[in-house]
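A short write-up of the structure that comes next.
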Amino acid sequence: RGLLAGNRFANNKVDQIHSEASLINKLTIRDNEASKDGATADYALTISGLAPDKPSRGWRVFGNQFDGGILVNWSEDIEIYGNVSENVSIRPCVNVNRTCSNIRIRRNRFAMTQTADATTGVITVIGTAEGGPSRVVIEDNDLKALGHPHSFGVRCEGAVSVQVIDNTIEGPGIVA
């Protein structure tokens with residue numbers, strides 16, 4: 001269990017907040033600022049467990065300013081809500097990847113302005129050979145795909161189950 005609140009993370013060469021290869025449960029991340037300051041790779045936040053059978057659980061990520069993407073990998077029971085992102089990187093604002101379940105992304109304002117990658121979605125849900133994300137809900141978000149003319153608002157590929165409900169998507173729409 002833990003709390004990251006009211007911090008400013010900037011100019012790190014890799015992820016600003018990173019939990020990959022860790023088992024962290026019941027972490028709250030709120031009211032922080034994490035900036036990649038124009039960097040085009042890596043994430044502002046990585047939420048990850050140790051392996052598909054050893055997920056991190058119970059994270060709550062809300063009220064933050066992320067100028068970069070969020071990666072969710074090998075995790076369960078994650079809520080990402082009320083965040084703002086002005087993302088210039090080639091990473092999605094939220095990338096739910098590999099084996100994950102019960103991921104809820106709601107009431108965020110995400111704008112992706114990168115111009116380099118045509119396949120990036122503002123929110124992506126992508127499965128791999130090891131398994132796909134299940135029970136992912138993308139609800140009541142304001143999504144803007146303002147960079148590359150062929151990027152996506154929401155992109156799903158290889159996922160087990162995803163609901164896209166009541167979002168406002170400016171720019172390219174949904175592909176599944």
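Simple scheme: letters A, B, ... for chains in structure tokens order, numbers from 1 for residues in each chain, numbers from 1 for ligands in the order shown.
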
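Residues within 8 Å of Val160 in chain A, counting only C-alpha atoms and excluding same-chain residues fewer than 6 positions away, are A:Gly127, A:Gly132, A:Pro133, A:Ser134, A:Arg135.
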
Range 11-24 of chain A surroundings by only C-alpha atoms, 10 Å radius, close-in-sequence under 6 positions cut, as a VMD selection string | chain A and resid 1 to 2 4 33 to 39 41 to 51 54 to 59 66 68 to 75

Please return as a PyMOL selection string: the residues of range 59-134 of chain A that backbone DSSP assigns to strand (DSSP E or B).
-> chain A and resi 60-62+65-67+70-73+75-81+84-87+94-97+101-106+109-112+121-126+128+131+134

Could those residues be written to a file, using N, CA and C atoms, as a compact mmCIF listing (two decimals), in the first residue's frame?
```txt
# COMPACT_ATOMS: atom_id res chain seq x y z
N ARG A 60 -5.12 3.16 -7.89
CA ARG A 60 -6.05 4.26 -8.19
C ARG A 60 -5.20 5.43 -8.64
N VAL A 61 -5.41 5.86 -9.88
CA VAL A 61 -4.62 6.93 -10.49
C VAL A 61 -5.59 8.04 -10.87
N PHE A 62 -5.58 9.17 -10.13
CA PHE A 62 -6.58 10.21 -10.41
C PHE A 62 -6.05 11.61 -10.13
N GLN A 65 -1.63 15.28 -13.92
CA GLN A 65 -1.28 15.83 -15.23
C GLN A 65 -0.14 14.97 -15.75
N PHE A 66 -0.41 14.16 -16.80
CA PHE A 66 0.62 13.32 -17.40
C PHE A 66 0.91 13.83 -18.80
N ASP A 67 2.08 14.40 -19.02
CA ASP A 67 2.49 14.79 -20.36
C ASP A 67 3.35 13.67 -20.91
N ILE A 70 0.62 6.36 -20.26
CA ILE A 70 0.50 5.45 -19.12
C ILE A 70 0.48 4.03 -19.68
N LEU A 71 1.34 3.16 -19.21
CA LEU A 71 1.35 1.75 -19.60
C LEU A 71 0.79 0.91 -18.46
N VAL A 72 -0.19 0.06 -18.78
CA VAL A 72 -0.75 -0.89 -17.81
C VAL A 72 -0.44 -2.28 -18.34
N ASN A 73 0.27 -3.07 -17.55
CA ASN A 73 0.81 -4.34 -18.00
C ASN A 73 0.77 -5.33 -16.83
N SER A 75 -1.60 -6.40 -14.76
CA SER A 75 -2.23 -5.74 -13.61
C SER A 75 -3.72 -6.05 -13.56
N GLU A 76 -4.31 -5.94 -12.37
CA GLU A 76 -5.74 -6.18 -12.16
C GLU A 76 -6.32 -5.09 -11.27
N ASP A 77 -7.60 -4.81 -11.46
CA ASP A 77 -8.34 -3.87 -10.63
C ASP A 77 -7.65 -2.50 -10.58
N ILE A 78 -7.51 -1.89 -11.76
CA ILE A 78 -6.85 -0.60 -11.88
C ILE A 78 -7.88 0.44 -12.31
N GLU A 79 -7.90 1.60 -11.66
CA GLU A 79 -8.77 2.71 -12.05
C GLU A 79 -7.91 3.91 -12.41
N ILE A 80 -8.15 4.44 -13.62
CA ILE A 80 -7.47 5.64 -14.11
C ILE A 80 -8.57 6.64 -14.40
N TYR A 81 -8.69 7.69 -13.58
CA TYR A 81 -9.82 8.60 -13.75
C TYR A 81 -9.45 10.04 -13.37
N VAL A 84 -5.44 14.37 -16.81
CA VAL A 84 -5.28 15.18 -18.02
C VAL A 84 -3.95 14.82 -18.64
N SER A 85 -3.93 14.68 -19.98
CA SER A 85 -2.67 14.44 -20.68
C SER A 85 -2.64 15.23 -21.97
N GLU A 86 -1.54 15.94 -22.17
CA GLU A 86 -1.21 16.57 -23.44
C GLU A 86 0.03 15.81 -23.93
N ASN A 87 -0.18 14.76 -24.67
CA ASN A 87 0.85 13.77 -24.96
C ASN A 87 1.45 13.99 -26.35
N VAL A 94 -3.04 6.08 -22.79
CA VAL A 94 -3.13 4.88 -21.96
C VAL A 94 -2.97 3.67 -22.88
N ASN A 95 -2.06 2.77 -22.52
CA ASN A 95 -1.82 1.54 -23.26
C ASN A 95 -2.05 0.37 -22.31
N VAL A 96 -3.17 -0.33 -22.47
CA VAL A 96 -3.45 -1.54 -21.68
C VAL A 96 -2.93 -2.69 -22.51
N ASN A 97 -1.95 -3.41 -21.98
CA ASN A 97 -1.17 -4.35 -22.77
C ASN A 97 -1.04 -5.69 -22.05
N SER A 101 -6.76 -7.36 -16.26
CA SER A 101 -8.21 -7.49 -16.14
C SER A 101 -8.75 -6.44 -15.18
N ASN A 102 -10.03 -6.14 -15.38
CA ASN A 102 -10.73 -5.14 -14.55
C ASN A 102 -9.99 -3.80 -14.56
N ILE A 103 -9.84 -3.24 -15.75
CA ILE A 103 -9.18 -1.95 -15.93
C ILE A 103 -10.27 -0.95 -16.31
N ARG A 104 -10.37 0.12 -15.56
CA ARG A 104 -11.40 1.14 -15.84
C ARG A 104 -10.72 2.48 -16.09
N ILE A 105 -11.00 3.05 -17.27
CA ILE A 105 -10.43 4.33 -17.70
C ILE A 105 -11.62 5.25 -17.90
N ARG A 106 -11.80 6.24 -17.00
CA ARG A 106 -13.01 7.06 -17.07
C ARG A 106 -12.74 8.52 -16.71
N ARG A 109 -9.29 13.57 -19.64
CA ARG A 109 -9.16 14.43 -20.82
C ARG A 109 -7.79 14.17 -21.40
N PHE A 110 -7.76 13.42 -22.51
CA PHE A 110 -6.50 13.03 -23.13
C PHE A 110 -6.41 13.58 -24.55
N ALA A 111 -5.29 14.24 -24.85
CA ALA A 111 -5.01 14.72 -26.21
C ALA A 111 -3.66 14.16 -26.63
N MET A 112 -3.64 13.53 -27.80
CA MET A 112 -2.41 13.00 -28.36
C MET A 112 -2.06 13.84 -29.58
N GLY A 121 -3.07 4.83 -30.85
CA GLY A 121 -4.37 5.30 -30.41
C GLY A 121 -4.21 6.16 -29.17
N VAL A 122 -5.14 7.06 -28.95
CA VAL A 122 -5.12 7.82 -27.69
C VAL A 122 -5.20 6.82 -26.54
N ILE A 123 -6.10 5.84 -26.68
CA ILE A 123 -6.15 4.71 -25.75
C ILE A 123 -6.03 3.44 -26.59
N THR A 124 -5.11 2.57 -26.23
CA THR A 124 -4.99 1.28 -26.92
C THR A 124 -5.17 0.15 -25.92
N VAL A 125 -5.76 -0.93 -26.39
CA VAL A 125 -5.92 -2.15 -25.60
C VAL A 125 -5.41 -3.27 -26.51
N ILE A 126 -4.23 -3.81 -26.19
CA ILE A 126 -3.53 -4.70 -27.10
C ILE A 126 -3.16 -6.01 -26.40
N THR A 128 -1.26 -9.88 -26.55
CA THR A 128 -0.05 -10.47 -27.11
C THR A 128 -0.25 -11.99 -27.15
N GLY A 131 -1.59 -13.54 -23.97
CA GLY A 131 -2.97 -13.29 -23.56
C GLY A 131 -3.37 -11.86 -23.80
N SER A 134 -8.76 -8.21 -20.46
CA SER A 134 -10.19 -8.53 -20.34
C SER A 134 -10.85 -7.57 -19.36
```

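Here CA of Gly82 in chain A and CA of Asp53 in chain A stand 29.1 Å from one another.
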
Of A:Leu146, A:Ala10, A:Ala5, A:Ala116, the one sitting nearest Asn32 in chain A when using only C-alpha atoms is A:Ala5

Residues within 12 Å of Asp117 in chain A, only C-alpha atoms, excluding chain neighbours under 5 positions, as a VMD selection string = chain A and resid 40 to 41 88 to 92 112 122 145 147 to 152

In terms of only C-alpha atoms, the residue from A:Asn167, A:Thr99, A:Thr115, A:Thr28 at minimal distance from Leu143 in chain A is A:Asn167

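Among the candidate residues A:Ile169, A:Cys93, A:Ile29, A:Val164, the one lying nearest to Val137 in chain A is A:Val164, with distances computed using only C-alpha atoms.
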
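Counting from CA of Gly153 in chain A, the distance to CA of Asn7 in chain A is 28.9 Å.
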